[in-house]
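Structure file work36.cif (mmCIF, C-alpha atoms) follows.
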data_data
loop_
_atom_site.label_atom_id
_atom_site.label_comp_id
_atom_site.auth_asym_id
_atom_site.auth_seq_id
_atom_site.Cartn_x
_atom_site.Cartn_y
_atom_site.Cartn_z
CA MET A 8 0.43 9.83 5.58
CA HIS A 9 4.04 8.82 6.36
CA ILE A 10 4.83 9.76 9.94
CA PRO A 11 8.45 11.02 10.22
CA ASP A 12 10.80 10.48 13.13
CA GLY A 13 10.35 12.79 16.09
CA TYR A 14 6.59 13.21 15.83
CA LEU A 15 5.58 10.21 17.92
CA GLY A 16 6.82 9.76 21.47
CA PRO A 17 8.47 6.44 22.49
CA ALA A 18 5.32 5.15 24.21
CA THR A 19 3.38 5.38 20.95
CA PHE A 20 5.97 4.08 18.50
CA ILE A 21 7.12 1.24 20.75
CA THR A 22 3.53 0.13 21.33
CA LEU A 23 2.88 0.11 17.59
CA PHE A 24 6.11 -1.83 16.94
CA LEU A 25 4.96 -4.44 19.45
CA VAL A 26 1.53 -4.63 17.83
CA MET A 27 3.26 -5.04 14.47
CA LEU A 28 5.46 -7.87 15.78
CA VAL A 29 2.30 -9.85 16.57
CA ILE A 30 0.70 -9.05 13.20
CA TRP A 31 3.94 -9.79 11.31
CA PHE A 32 4.10 -13.17 13.04
CA PHE A 33 0.64 -14.09 11.72
CA ALA A 34 1.22 -12.50 8.30
CA PHE A 35 4.53 -14.28 7.65
CA ARG A 36 3.27 -17.56 9.07
CA ASN A 37 0.45 -17.26 6.54
CA ALA A 38 2.88 -16.32 3.78
CA ASN A 39 4.90 -19.41 4.57
CA LYS A 40 1.83 -21.46 3.66
CA ASN A 41 0.35 -19.46 0.79
CA LEU A 42 3.20 -17.60 -0.87
CA GLY A 43 4.39 -19.54 -3.89
CA PRO A 44 5.62 -19.21 -7.49
CA ARG A 45 2.14 -18.11 -8.53
CA ASN A 46 1.84 -15.06 -6.33
CA VAL A 47 5.44 -13.98 -5.58
CA PRO A 48 5.79 -12.01 -8.86
CA VAL A 49 2.40 -10.39 -8.19
CA LEU A 50 3.45 -9.51 -4.63
CA SER A 51 6.65 -7.81 -5.82
CA PHE A 52 4.72 -5.99 -8.56
CA MET A 53 2.09 -4.83 -6.07
CA ALA A 54 4.67 -3.66 -3.51
CA ALA A 55 6.49 -1.70 -6.25
CA LEU A 56 3.19 -0.33 -7.59
CA SER A 57 2.22 0.87 -4.12
CA PHE A 58 5.67 2.47 -3.75
CA ILE A 59 5.29 4.39 -6.99
CA LEU A 60 1.64 5.36 -6.41
CA MET A 61 2.83 7.01 -3.21
CA MET A 62 5.26 9.16 -5.25
CA PHE A 63 2.37 10.83 -7.07
CA ASN A 64 1.59 13.70 -4.73
CA LEU A 65 -1.87 15.00 -5.50
CA PRO A 66 -2.86 18.63 -4.88
CA ILE A 67 -5.29 19.37 -2.05
CA PRO A 68 -7.14 22.72 -2.39
CA ASP A 69 -5.86 23.98 1.00
CA GLY A 70 -2.36 24.12 -0.52
CA THR A 71 -1.00 20.83 0.78
CA THR A 72 -0.67 17.44 -0.90
CA ALA A 73 -1.57 13.81 -0.25
CA HIS A 74 -1.04 10.57 -2.13
CA MET A 75 -2.62 7.20 -2.86
CA VAL A 76 -1.45 4.00 -1.15
CA GLY A 77 -2.87 1.00 -3.01
CA ALA A 78 -3.19 -1.31 0.00
CA VAL A 79 -6.83 -2.28 -0.63
CA LEU A 80 -6.08 -3.26 -4.23
CA ILE A 81 -3.33 -5.54 -2.90
CA ALA A 82 -5.68 -6.93 -0.25
CA ILE A 83 -8.29 -7.75 -2.92
CA VAL A 84 -5.76 -9.54 -5.13
CA LEU A 85 -3.51 -11.17 -2.51
CA GLY A 86 -5.48 -11.05 0.74
CA PRO A 87 -5.11 -8.61 3.65
CA TYR A 88 -1.85 -10.16 4.84
CA GLY A 89 -0.58 -9.61 1.29
CA GLY A 90 -1.36 -5.90 1.81
CA VAL A 91 0.46 -5.96 5.15
CA ILE A 92 3.57 -7.61 3.67
CA ALA A 93 3.67 -5.48 0.50
CA LEU A 94 3.34 -2.27 2.51
CA SER A 95 5.94 -3.48 5.03
CA ILE A 96 8.40 -3.83 2.13
CA ALA A 97 7.49 -0.56 0.38
CA LEU A 98 7.58 1.46 3.62
CA LEU A 99 10.90 -0.11 4.66
CA ILE A 100 12.54 0.98 1.40
CA GLN A 101 10.94 4.43 1.66
CA ALA A 102 12.18 4.95 5.22
CA LEU A 103 15.71 3.64 4.65
CA LEU A 104 16.53 4.95 1.17
CA PHE A 105 14.36 8.04 0.84
CA GLY A 106 13.68 9.25 4.38
CA ASP A 107 9.95 9.07 3.63
CA GLY A 108 8.42 7.99 6.92
CA GLY A 109 10.56 7.69 10.02
CA VAL A 110 12.63 4.73 11.12
CA THR A 111 11.17 4.92 14.64
CA ALA A 112 7.72 5.45 13.13
CA TYR A 113 8.07 2.47 10.78
CA GLY A 114 5.82 0.28 12.93
CA ALA A 115 3.20 3.02 13.11
CA ASN A 116 3.28 3.59 9.36
CA VAL A 117 2.96 -0.11 8.54
CA PHE A 118 0.15 -0.34 11.07
CA ASN A 119 -1.80 2.54 9.47
CA MET A 120 -1.19 1.96 5.76
CA GLY A 121 -0.61 -1.80 5.82
CA VAL A 122 -2.84 -3.24 8.51
CA VAL A 123 -5.65 -0.74 9.11
CA MET A 124 -6.05 0.12 5.44
CA SER A 125 -5.95 -3.48 4.17
CA PHE A 126 -8.37 -4.84 6.74
CA THR A 127 -10.93 -2.00 6.83
CA GLY A 128 -10.77 -1.81 3.04
CA ILE A 129 -11.42 -5.50 2.63
CA PHE A 130 -14.34 -5.36 5.10
CA ALA A 131 -15.91 -2.48 3.15
CA TYR A 132 -15.27 -4.29 -0.14
CA ALA A 133 -16.87 -7.47 1.21
CA GLY A 134 -19.89 -5.58 2.56
CA VAL A 135 -20.68 -3.76 -0.70
CA LYS A 136 -19.95 -6.90 -2.71
CA LYS A 137 -22.56 -8.75 -0.66
CA LEU A 138 -25.13 -5.99 -1.27
CA LEU A 139 -24.49 -5.97 -5.02
CA THR A 140 -24.50 -9.74 -5.52
CA LYS A 141 -27.76 -10.66 -7.25
CA ASP A 142 -28.88 -14.27 -7.73
CA GLY A 143 -25.45 -15.41 -6.63
CA LYS A 144 -23.78 -13.36 -9.36
CA LEU A 145 -21.52 -10.34 -9.16
CA THR A 146 -20.86 -8.38 -12.36
CA SER A 147 -17.43 -6.88 -12.98
CA LYS A 148 -18.96 -3.40 -12.63
CA ALA A 149 -20.44 -4.28 -9.26
CA ARG A 150 -17.09 -5.73 -8.21
CA ALA A 151 -15.39 -2.51 -9.29
CA ALA A 152 -17.93 -0.44 -7.31
CA SER A 153 -17.18 -2.57 -4.22
CA ALA A 154 -13.46 -2.00 -4.83
CA PHE A 155 -14.04 1.77 -5.04
CA VAL A 156 -15.77 1.82 -1.65
CA GLY A 157 -13.06 -0.45 -0.20
CA GLY A 158 -10.24 1.82 -1.40
CA TYR A 159 -12.03 4.97 -0.26
CA ILE A 160 -12.92 3.73 3.23
CA GLY A 161 -9.53 2.06 3.65
CA ILE A 162 -7.43 5.18 3.04
CA VAL A 163 -9.71 7.47 5.06
CA VAL A 164 -9.74 5.18 8.10
CA ALA A 165 -5.95 4.74 7.82
CA ALA A 166 -5.53 8.55 7.77
CA PHE A 167 -7.85 8.82 10.78
CA CYS A 168 -5.67 6.34 12.70
CA GLY A 169 -2.55 8.30 11.79
CA SER A 170 -4.15 11.57 12.88
CA VAL A 171 -5.13 10.07 16.25
CA GLU A 172 -1.53 8.89 16.75
CA PHE A 173 -0.34 12.44 16.00
CA GLY A 174 -3.10 14.08 18.00
CA ILE A 175 -2.57 12.24 21.28
CA GLN A 176 1.11 13.29 21.48
CA PRO A 177 0.56 16.66 23.23
CA ILE A 178 -1.31 14.74 25.97
CA ILE A 179 0.94 11.70 26.44
CA ALA A 180 4.33 12.87 25.12
CA PRO A 181 5.03 16.60 25.44
CA GLY A 182 7.95 17.69 23.25
CA TYR A 183 6.87 15.54 20.32
CA SER A 184 4.20 16.45 17.74
CA PRO A 185 2.73 19.69 19.10
CA TYR A 186 -0.63 19.39 17.38
CA GLY A 187 -3.67 18.03 19.17
CA LEU A 188 -6.54 15.96 17.84
CA ASP A 189 -8.45 19.17 16.97
CA VAL A 190 -5.76 20.04 14.38
CA ALA A 191 -4.54 16.60 13.28
CA ILE A 192 -7.89 14.94 12.55
CA PRO A 193 -9.32 17.66 10.25
CA ALA A 194 -5.97 18.10 8.47
CA MET A 195 -5.33 14.43 7.72
CA VAL A 196 -8.85 13.07 7.37
CA GLY A 197 -9.88 16.12 5.31
CA ALA A 198 -7.08 15.62 2.79
CA HIS A 199 -7.79 11.90 2.48
CA LEU A 200 -11.54 12.38 2.02
CA LEU A 201 -10.44 13.89 -1.30
CA VAL A 202 -7.52 11.60 -2.15
CA GLY A 203 -9.83 8.71 -1.31
CA ILE A 204 -11.63 9.39 -4.61
CA ALA A 205 -8.38 8.81 -6.54
CA GLU A 206 -7.58 5.78 -4.38
CA GLY A 207 -11.07 4.34 -4.91
CA LEU A 208 -11.00 4.96 -8.66
CA THR A 209 -7.57 3.38 -9.09
CA THR A 210 -8.60 0.35 -7.04
CA ALA A 211 -11.85 0.03 -9.01
CA ILE A 212 -10.25 0.40 -12.45
CA VAL A 213 -7.57 -2.22 -11.78
CA VAL A 214 -10.08 -4.64 -10.25
CA TYR A 215 -12.44 -4.14 -13.21
CA TYR A 216 -9.60 -4.77 -15.65
CA LEU A 217 -8.59 -7.93 -13.80
CA ALA A 218 -12.15 -9.25 -13.56
CA GLU A 219 -12.68 -8.76 -17.29
CA ASN A 220 -9.26 -9.69 -18.68
CA ARG A 221 -7.20 -11.58 -16.12
CA PRO A 222 -9.62 -13.35 -13.76
CA ASP A 223 -6.83 -15.85 -13.07
CA LEU A 224 -5.04 -13.09 -11.17
CA LEU A 225 -8.09 -12.52 -8.97
CA ARG A 226 -8.05 -16.24 -8.19
CA LEU A 227 -4.48 -16.28 -6.87
CA PRO A 228 -3.97 -17.95 -3.48
CA LYS A 229 -4.84 -15.44 -0.77
CA LEU A 230 -2.74 -14.49 2.23
CA SER A 231 -5.74 -14.19 4.48
CA PRO A 232 -6.70 -15.23 8.00
CA GLY A 233 -9.22 -18.07 8.02
CA TRP A 234 -12.06 -15.89 9.33
CA LEU A 235 -11.86 -13.71 6.22
CA ARG A 236 -11.73 -16.51 3.66
CA GLY A 237 -15.43 -16.02 2.91
CA VAL A 238 -14.63 -12.69 1.23
CA TYR A 239 -12.75 -14.55 -1.50
CA LYS A 240 -15.19 -17.43 -1.89
CA ASP A 241 -16.33 -16.19 -5.31
CA VAL A 242 -12.78 -16.29 -6.63
CA GLU A 243 -11.58 -19.59 -5.19
CA PRO A 244 -8.13 -20.58 -6.48
CA THR A 245 -8.28 -22.87 -9.48
CA GLU A 246 -6.48 -26.20 -9.57
CA SER A 247 -3.38 -25.23 -11.48
CA HIS A 248 -1.78 -22.03 -12.61
CA GLU A 249 -1.56 -23.09 -16.24
CA GLY A 250 -5.18 -24.15 -16.26
CA ALA A 251 -6.23 -20.79 -14.84
CA ARG A 252 -4.28 -18.93 -17.48
CA LYS A 253 -5.87 -20.79 -20.36
CA GLU A 254 -9.35 -20.63 -18.91
CA ARG A 255 -9.84 -16.83 -18.88
CA VAL A 256 -13.49 -17.03 -17.92
CA PRO A 257 -14.74 -13.81 -16.33
CA VAL A 258 -15.08 -14.35 -12.59
CA GLU A 259 -18.72 -13.26 -12.63
CA ALA A 260 -19.63 -16.43 -14.48
CA LYS A 261 -18.60 -18.43 -11.44
CA GLY A 262 -20.97 -16.52 -9.20
CA GLU A 263 -21.00 -16.49 -5.44
CA SER A 264 -21.95 -19.54 -3.50
CA MET B 14 11.52 -21.60 -10.63
CA THR B 15 9.92 -18.45 -9.36
CA LYS B 16 9.74 -15.79 -12.02
CA LEU B 17 10.68 -12.37 -10.70
CA MET B 18 8.28 -10.40 -12.83
CA SER B 19 6.87 -10.50 -16.35
CA LYS B 20 8.03 -8.03 -18.99
CA LYS B 21 4.57 -6.49 -19.22
CA THR B 22 4.28 -5.72 -15.51
CA LEU B 23 7.82 -4.38 -15.43
CA ALA B 24 6.91 -2.11 -18.36
CA ILE B 25 3.95 -0.71 -16.36
CA LEU B 26 6.27 0.11 -13.45
CA LEU B 27 8.89 1.71 -15.71
CA ALA B 28 6.24 3.82 -17.45
CA LEU B 29 4.98 5.03 -14.05
CA ALA B 30 8.59 5.80 -13.02
CA VAL B 31 9.11 7.91 -16.14
CA ILE B 32 5.97 9.99 -15.51
CA SER B 33 6.56 10.10 -11.73
CA PRO B 34 7.92 13.71 -11.82
CA LEU B 35 4.28 14.74 -12.30
CA GLY B 36 4.04 13.90 -8.61
CA ILE B 37 6.27 16.88 -7.78
CA LEU B 38 5.69 19.20 -10.77
CA VAL B 39 1.91 19.38 -10.34
CA VAL B 40 2.34 20.38 -6.70
CA TRP B 41 5.58 22.41 -7.09
CA ASN B 42 4.19 25.44 -5.23
CA PHE B 43 2.23 23.46 -2.68
CA SER B 44 3.43 22.84 0.83
CA GLU B 45 4.17 19.28 1.91
CA ALA B 46 1.54 16.77 2.98
CA TRP B 47 0.41 17.53 6.50
CA GLY B 48 2.58 15.81 9.09
CA GLU B 49 5.14 14.56 6.56
CA TRP B 50 8.71 15.73 6.03
CA GLY B 51 10.14 17.51 9.02
CA SER B 52 9.22 20.80 10.56
CA VAL B 53 5.75 22.22 11.10
CA GLY B 54 5.84 25.96 11.81
CA ASN B 55 8.72 26.64 14.18
CA TRP B 56 8.69 23.19 15.75
CA VAL B 57 11.43 20.90 14.39
CA PRO B 58 11.42 17.14 15.11
CA TRP B 59 14.65 15.24 15.75
CA LYS B 60 16.16 13.12 13.03
CA VAL B 61 17.61 9.66 13.63
CA TRP B 62 18.39 8.50 10.15
CA SER B 63 19.82 10.20 7.10
CA ALA B 64 18.66 8.50 3.94
CA PRO B 65 20.96 8.38 0.89
CA LEU B 66 18.25 9.72 -1.43
CA ASP B 67 16.45 11.85 1.15
CA GLY B 68 13.23 13.29 -0.22
CA TYR B 69 13.56 11.26 -3.46
CA ASP B 70 16.16 13.75 -4.57
CA LEU B 71 19.90 14.18 -4.99
CA SER B 72 21.25 17.09 -3.01
CA GLY B 73 21.80 20.14 -5.16
CA TRP B 74 19.43 18.97 -7.88
CA ASP B 75 16.96 21.73 -7.12
CA SER B 76 15.64 23.03 -10.44
CA GLN B 77 12.40 21.53 -11.74
CA LEU B 78 14.34 19.67 -14.42
CA MET B 79 17.03 18.25 -12.14
CA ALA B 80 14.54 17.44 -9.38
CA SER B 81 12.45 15.54 -11.95
CA LEU B 82 15.51 13.60 -13.03
CA GLY B 83 16.35 12.82 -9.40
CA TYR B 84 12.75 11.72 -8.88
CA ILE B 85 12.91 9.27 -11.80
CA ILE B 86 16.24 7.88 -10.53
CA SER B 87 14.70 7.49 -7.07
CA ALA B 88 11.68 5.70 -8.54
CA LEU B 89 13.91 3.26 -10.43
CA VAL B 90 16.14 2.62 -7.40
CA GLY B 91 13.06 2.08 -5.23
CA ILE B 92 11.42 -0.33 -7.67
CA ALA B 93 14.63 -2.35 -8.01
CA ALA B 94 15.11 -2.46 -4.22
CA ILE B 95 11.52 -3.60 -3.65
CA ILE B 96 11.72 -6.38 -6.25
CA LEU B 97 14.97 -7.62 -4.67
CA VAL B 98 13.65 -7.48 -1.10
CA THR B 99 10.41 -9.24 -2.07
CA TYR B 100 12.32 -11.93 -3.90
CA ALA B 101 14.79 -12.42 -1.03
CA MET B 102 11.87 -12.60 1.39
CA SER B 103 10.05 -15.15 -0.73
CA THR B 104 13.04 -17.49 -0.60
CA ILE B 105 12.79 -17.49 3.20
CA PHE B 106 9.01 -17.57 3.51
CA GLY B 107 6.76 -19.55 1.24
CA ARG B 108 9.28 -22.38 0.95
CA ARG B 109 6.70 -25.05 1.64
CA SER B 110 4.37 -24.04 -1.16
CA ILE B 111 7.25 -23.49 -3.58
CA GLN B 112 8.50 -27.02 -2.97
CA GLU B 113 5.00 -28.44 -3.34
CA GLU B 114 4.35 -26.66 -6.61
CA ASN B 115 7.71 -27.62 -8.06
CA LYS B 116 7.00 -31.33 -7.73
#

Please re-express this file's structure in C-alpha cells.
Amino acid sequence: MHIPDGYLGPATFITLFLVMLVIWFFAFRNANKNLGPRNVPVLSFMAALSFILMMFNLPIPDGTTAHMVGAVLIAIVLGPYGGVIALSIALLIQALLFGDGGVTAYGANVFNMGVVMSFTGIFAYAGVKKLLTKDGKLTSKARAASAFVGGYIGIVVAAFCGSVEFGIQPIIAPGYSPYGLDVAIPAMVGAHLLVGIAEGLTTAIVVYYLAENRPDLLRLPKLSPGWLRGVYKDVEPTESHEGARKERVPVEAKGES
Amino acid sequence: MTKLMSKKTLAILLALAVISPLGILVVWNFSEAWGEWGSVGNWVPWKVWSAPLDGYDLSGWDSQLMASLGYIISALVGIAAIILVTYAMSTIFGRRSIQEENK
C-alpha cells in the first residue's frame, strides 16, 4: 500500500502533507500530555512491529502481493494518535532507508495507513464491541472478535483511500500514475479484502492475548482525542504502573460502564 | 527513567526479523504489490530519493540466499532505527508526563 514517488501529482501529495501537518499537530500535542515512561517502550515496540509486519509480503492469487500494517492493533493499545505516530515513524524509516514508499508521498502514506486505518479501525472496533457487550461485560473472545473486524475494516478502507489517490491522477495530474479509478480500486481493494483476513486475525490474536495475560497493557494511557475516549472506557488506566502489573485481573472482570 | 524496551519484546522483534525472509521467499515468483516499487507496464515514475538499502536489499545480493540475508540485515537496521527515533521523539514530546511520573 506504500505509494512511491512519481505516482501522485504535486496537487495531491502537497494537499495530503498539509492535512498531515494539522493531524500531526493534534497527535503530538496529545502525545505531549499522554506519552510517558509507561507507554514509550510499547510505542517503540509497536512501531517496530508494524515495520516488520509490513515486510511479510503475502501472496495474492492474481500473482501480486500485499502485506499487513498493524495500525488498528496500535490504536487499540495506545489510542488512534498512537497509531498515527507509530506509523509516521515506521513509514519515515521505510521511505528514507529502504525506498519503500516515496519521500514526496510520505504524507499520503501516513494519511492512509496511519490516520485512515487507525481511526476507521477504532470506530469499527468500538461498534462491534458495543454490540457484543452483554450486561456490561465484554469477554476476551468478544473483544478479539471486535479487534478482528477493526483490523479488517481498517486496512480495507485505507487501501480504498490509497486507490482513490492513485485513481484520480489521470484526471487531475496527467503524466503521473496512468491508472484510473476503474483499475486502481479493484486492484488495491481486492488485494486487501484478502490481506484483511490476516490483518484481522493478527489484531485479534494479540488483543486476545493481552486481554487474558497482560490486561495492564490494554489499560495504558491512550493517545486519543477526547471525543473517542468512550471507546476505552472499559479499560480505564489504573492508578499506578506497578499496581497494574501486580493486579493482572482480566479486563472483562471490570466490565463496561 | 524510561526503559527502551524489555528483553521479551525485543526477542519477539528479533525472532520476526530472523523469519522475515519468508516475506520474500513465499512470493519469490510473484510480481510486486500493485502500485508499489517503481514501474507499471512501460510507464516509469521519477525517483527523487535513493535509499541506502533500497528494496530491503544490498545491491548484488540477488540469489534467494543472499537476498534473505539482506532482508534480515534490513529488518535489524529498521528495528534499531525505529527504536532510536521513537526514543529521541519521546524525549521531546511527553516531557510533562515523564516529569510527573518521576516525582

Run through the PyMOL selection byres ((chain A and resi 122-134) around 8) on the given coordinates and return the selected residues as a PDB file with C-alpha atoms, in the frame of the given file.
ATOM      1  CA  ALA A  78      -3.190  -1.310   0.000  1.00  0.00           C
ATOM      2  CA  VAL A  79      -6.830  -2.280  -0.630  1.00  0.00           C
ATOM      3  CA  ILE A  81      -3.330  -5.540  -2.900  1.00  0.00           C
ATOM      4  CA  ALA A  82      -5.680  -6.930  -0.250  1.00  0.00           C
ATOM      5  CA  ILE A  83      -8.290  -7.750  -2.920  1.00  0.00           C
ATOM      6  CA  PRO A  87      -5.110  -8.610   3.650  1.00  0.00           C
ATOM      7  CA  TYR A  88      -1.850 -10.160   4.840  1.00  0.00           C
ATOM      8  CA  GLY A  90      -1.360  -5.900   1.810  1.00  0.00           C
ATOM      9  CA  VAL A  91       0.460  -5.960   5.150  1.00  0.00           C
ATOM     10  CA  VAL A 117       2.960  -0.110   8.540  1.00  0.00           C
ATOM     11  CA  PHE A 118       0.150  -0.340  11.070  1.00  0.00           C
ATOM     12  CA  ASN A 119      -1.800   2.540   9.470  1.00  0.00           C
ATOM     13  CA  MET A 120      -1.190   1.960   5.760  1.00  0.00           C
ATOM     14  CA  GLY A 121      -0.610  -1.800   5.820  1.00  0.00           C
ATOM     15  CA  VAL A 135     -20.680  -3.760  -0.700  1.00  0.00           C
ATOM     16  CA  LYS A 136     -19.950  -6.900  -2.710  1.00  0.00           C
ATOM     17  CA  LYS A 137     -22.560  -8.750  -0.660  1.00  0.00           C
ATOM     18  CA  LEU A 138     -25.130  -5.990  -1.270  1.00  0.00           C
ATOM     19  CA  SER A 153     -17.180  -2.570  -4.220  1.00  0.00           C
ATOM     20  CA  ALA A 154     -13.460  -2.000  -4.830  1.00  0.00           C
ATOM     21  CA  PHE A 155     -14.040   1.770  -5.040  1.00  0.00           C
ATOM     22  CA  VAL A 156     -15.770   1.820  -1.650  1.00  0.00           C
ATOM     23  CA  GLY A 157     -13.060  -0.450  -0.200  1.00  0.00           C
ATOM     24  CA  GLY A 158     -10.240   1.820  -1.400  1.00  0.00           C
ATOM     25  CA  TYR A 159     -12.030   4.970  -0.260  1.00  0.00           C
ATOM     26  CA  ILE A 160     -12.920   3.730   3.230  1.00  0.00           C
ATOM     27  CA  GLY A 161      -9.530   2.060   3.650  1.00  0.00           C
ATOM     28  CA  ILE A 162      -7.430   5.180   3.040  1.00  0.00           C
ATOM     29  CA  VAL A 164      -9.740   5.180   8.100  1.00  0.00           C
ATOM     30  CA  ALA A 165      -5.950   4.740   7.820  1.00  0.00           C
ATOM     31  CA  CYS A 168      -5.670   6.340  12.700  1.00  0.00           C
ATOM     32  CA  VAL A 238     -14.630 -12.690   1.230  1.00  0.00           C
TER      33      VAL A 238
END

Take the PyMOL selection byres ((chain B) within 6 of (chain A)), run it mentally on this structure, and tell me the resulting residues as a ChimeraX atom specification. /B:15,17-18,36,40,43-46,49,58-60,64-69,92,95-96,99,106-107,110-111

Separation of CA of Ala18 (chain A) and CA of Gly48 (chain B), in Å?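 It comes out at 18.7 Å.
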
What does the distance from CA of Ala115 (chain A) to CA of Phe24 (chain A) come to in Å, to one decimal? 6.8 Å

Box for region 201-206 of chain A: with edges along x, y and z, all listed atoms inside and 6 Å added on each side, what are the centre and edge lengths in Å to one decimal, as AutoDock Vina command-line options?
--center_x -9.6 --center_y 9.8 --center_z -3.9 --size_x 16.1 --size_y 20.1 --size_z 17.2

Can you measure CA of Gly83 (chain B) to CA of Leu71 (chain B) for me? One decimal in Å is fine. 5.8 Å

Output file request: region 20-42 of chain A, with N, CA and C atoms, as a PDB file, in the first residue's frame.
ATOM      1  N   PHE A  20      -0.065  15.259  -3.443  1.00  0.00           N
ATOM      2  CA  PHE A  20       0.812  14.999  -2.285  1.00  0.00           C
ATOM      3  C   PHE A  20       0.992  16.222  -1.387  1.00  0.00           C
ATOM      4  N   ILE A  21       0.925  17.427  -1.983  1.00  0.00           N
ATOM      5  CA  ILE A  21       1.034  18.619  -1.137  1.00  0.00           C
ATOM      6  C   ILE A  21      -0.206  18.763  -0.256  1.00  0.00           C
ATOM      7  N   THR A  22      -1.373  18.522  -0.841  1.00  0.00           N
ATOM      8  CA  THR A  22      -2.611  18.578  -0.046  1.00  0.00           C
ATOM      9  C   THR A  22      -2.525  17.621   1.140  1.00  0.00           C
ATOM     10  N   LEU A  23      -2.064  16.382   0.859  1.00  0.00           N
ATOM     11  CA  LEU A  23      -2.034  15.396   1.941  1.00  0.00           C
ATOM     12  C   LEU A  23      -0.962  15.721   2.985  1.00  0.00           C
ATOM     13  N   PHE A  24       0.138  16.372   2.553  1.00  0.00           N
ATOM     14  CA  PHE A  24       1.127  16.838   3.534  1.00  0.00           C
ATOM     15  C   PHE A  24       0.508  17.907   4.448  1.00  0.00           C
ATOM     16  N   LEU A  25      -0.279  18.802   3.836  1.00  0.00           N
ATOM     17  CA  LEU A  25      -0.900  19.863   4.638  1.00  0.00           C
ATOM     18  C   LEU A  25      -1.902  19.273   5.621  1.00  0.00           C
ATOM     19  N   VAL A  26      -2.685  18.300   5.138  1.00  0.00           N
ATOM     20  CA  VAL A  26      -3.636  17.628   6.031  1.00  0.00           C
ATOM     21  C   VAL A  26      -2.876  16.970   7.184  1.00  0.00           C
ATOM     22  N   MET A  27      -1.739  16.341   6.844  1.00  0.00           N
ATOM     23  CA  MET A  27      -0.955  15.664   7.874  1.00  0.00           C
ATOM     24  C   MET A  27      -0.373  16.650   8.891  1.00  0.00           C
ATOM     25  N   LEU A  28       0.023  17.854   8.414  1.00  0.00           N
ATOM     26  CA  LEU A  28       0.561  18.841   9.356  1.00  0.00           C
ATOM     27  C   LEU A  28      -0.451  19.137  10.455  1.00  0.00           C
ATOM     28  N   VAL A  29      -1.731  19.276  10.059  1.00  0.00           N
ATOM     29  CA  VAL A  29      -2.785  19.552  11.040  1.00  0.00           C
ATOM     30  C   VAL A  29      -2.936  18.358  11.995  1.00  0.00           C
ATOM     31  N   ILE A  30      -2.983  17.149  11.416  1.00  0.00           N
ATOM     32  CA  ILE A  30      -3.185  15.956  12.251  1.00  0.00           C
ATOM     33  C   ILE A  30      -1.968  15.716  13.156  1.00  0.00           C
ATOM     34  N   TRP A  31      -0.761  15.927  12.613  1.00  0.00           N
ATOM     35  CA  TRP A  31       0.446  15.786  13.441  1.00  0.00           C
ATOM     36  C   TRP A  31       0.421  16.764  14.617  1.00  0.00           C
ATOM     37  N   PHE A  32      -0.059  17.980  14.349  1.00  0.00           N
ATOM     38  CA  PHE A  32      -0.137  18.965  15.435  1.00  0.00           C
ATOM     39  C   PHE A  32      -0.976  18.402  16.588  1.00  0.00           C
ATOM     40  N   PHE A  33      -2.167  17.887  16.255  1.00  0.00           N
ATOM     41  CA  PHE A  33      -3.041  17.347  17.308  1.00  0.00           C
ATOM     42  C   PHE A  33      -2.446  16.088  17.940  1.00  0.00           C
ATOM     43  N   ALA A  34      -1.855  15.229  17.099  1.00  0.00           N
ATOM     44  CA  ALA A  34      -1.319  13.964  17.611  1.00  0.00           C
ATOM     45  C   ALA A  34      -0.159  14.217  18.575  1.00  0.00           C
ATOM     46  N   PHE A  35       0.769  15.114  18.202  1.00  0.00           N
ATOM     47  CA  PHE A  35       1.929  15.347  19.055  1.00  0.00           C
ATOM     48  C   PHE A  35       1.572  16.191  20.278  1.00  0.00           C
ATOM     49  N   ARG A  36       0.568  17.068  20.124  1.00  0.00           N
ATOM     50  CA  ARG A  36       0.110  17.807  21.295  1.00  0.00           C
ATOM     51  C   ARG A  36      -0.457  16.818  22.321  1.00  0.00           C
ATOM     52  N   ASN A  37      -1.184  15.815  21.792  1.00  0.00           N
ATOM     53  CA  ASN A  37      -1.739  14.781  22.658  1.00  0.00           C
ATOM     54  C   ASN A  37      -0.630  13.935  23.277  1.00  0.00           C
ATOM     55  N   ALA A  38       0.379  13.616  22.465  1.00  0.00           N
ATOM     56  CA  ALA A  38       1.497  12.805  22.954  1.00  0.00           C
ATOM     57  C   ALA A  38       2.227  13.535  24.081  1.00  0.00           C
ATOM     58  N   ASN A  39       2.307  14.843  23.948  1.00  0.00           N
ATOM     59  CA  ASN A  39       2.995  15.640  24.952  1.00  0.00           C
ATOM     60  C   ASN A  39       2.338  15.479  26.322  1.00  0.00           C
ATOM     61  N   LYS A  40       1.018  15.210  26.292  1.00  0.00           N
ATOM     62  CA  LYS A  40       0.266  15.055  27.534  1.00  0.00           C
ATOM     63  C   LYS A  40       0.275  13.599  28.009  1.00  0.00           C
ATOM     64  N   ASN A  41       0.153  12.669  27.070  1.00  0.00           N
ATOM     65  CA  ASN A  41      -0.112  11.271  27.453  1.00  0.00           C
ATOM     66  C   ASN A  41       1.022  10.279  27.239  1.00  0.00           C
ATOM     67  N   LEU A  42       2.107  10.750  26.607  1.00  0.00           N
ATOM     68  CA  LEU A  42       3.216   9.834  26.358  1.00  0.00           C
ATOM     69  C   LEU A  42       4.183   9.894  27.536  1.00  0.00           C
TER      70      LEU A  42
END
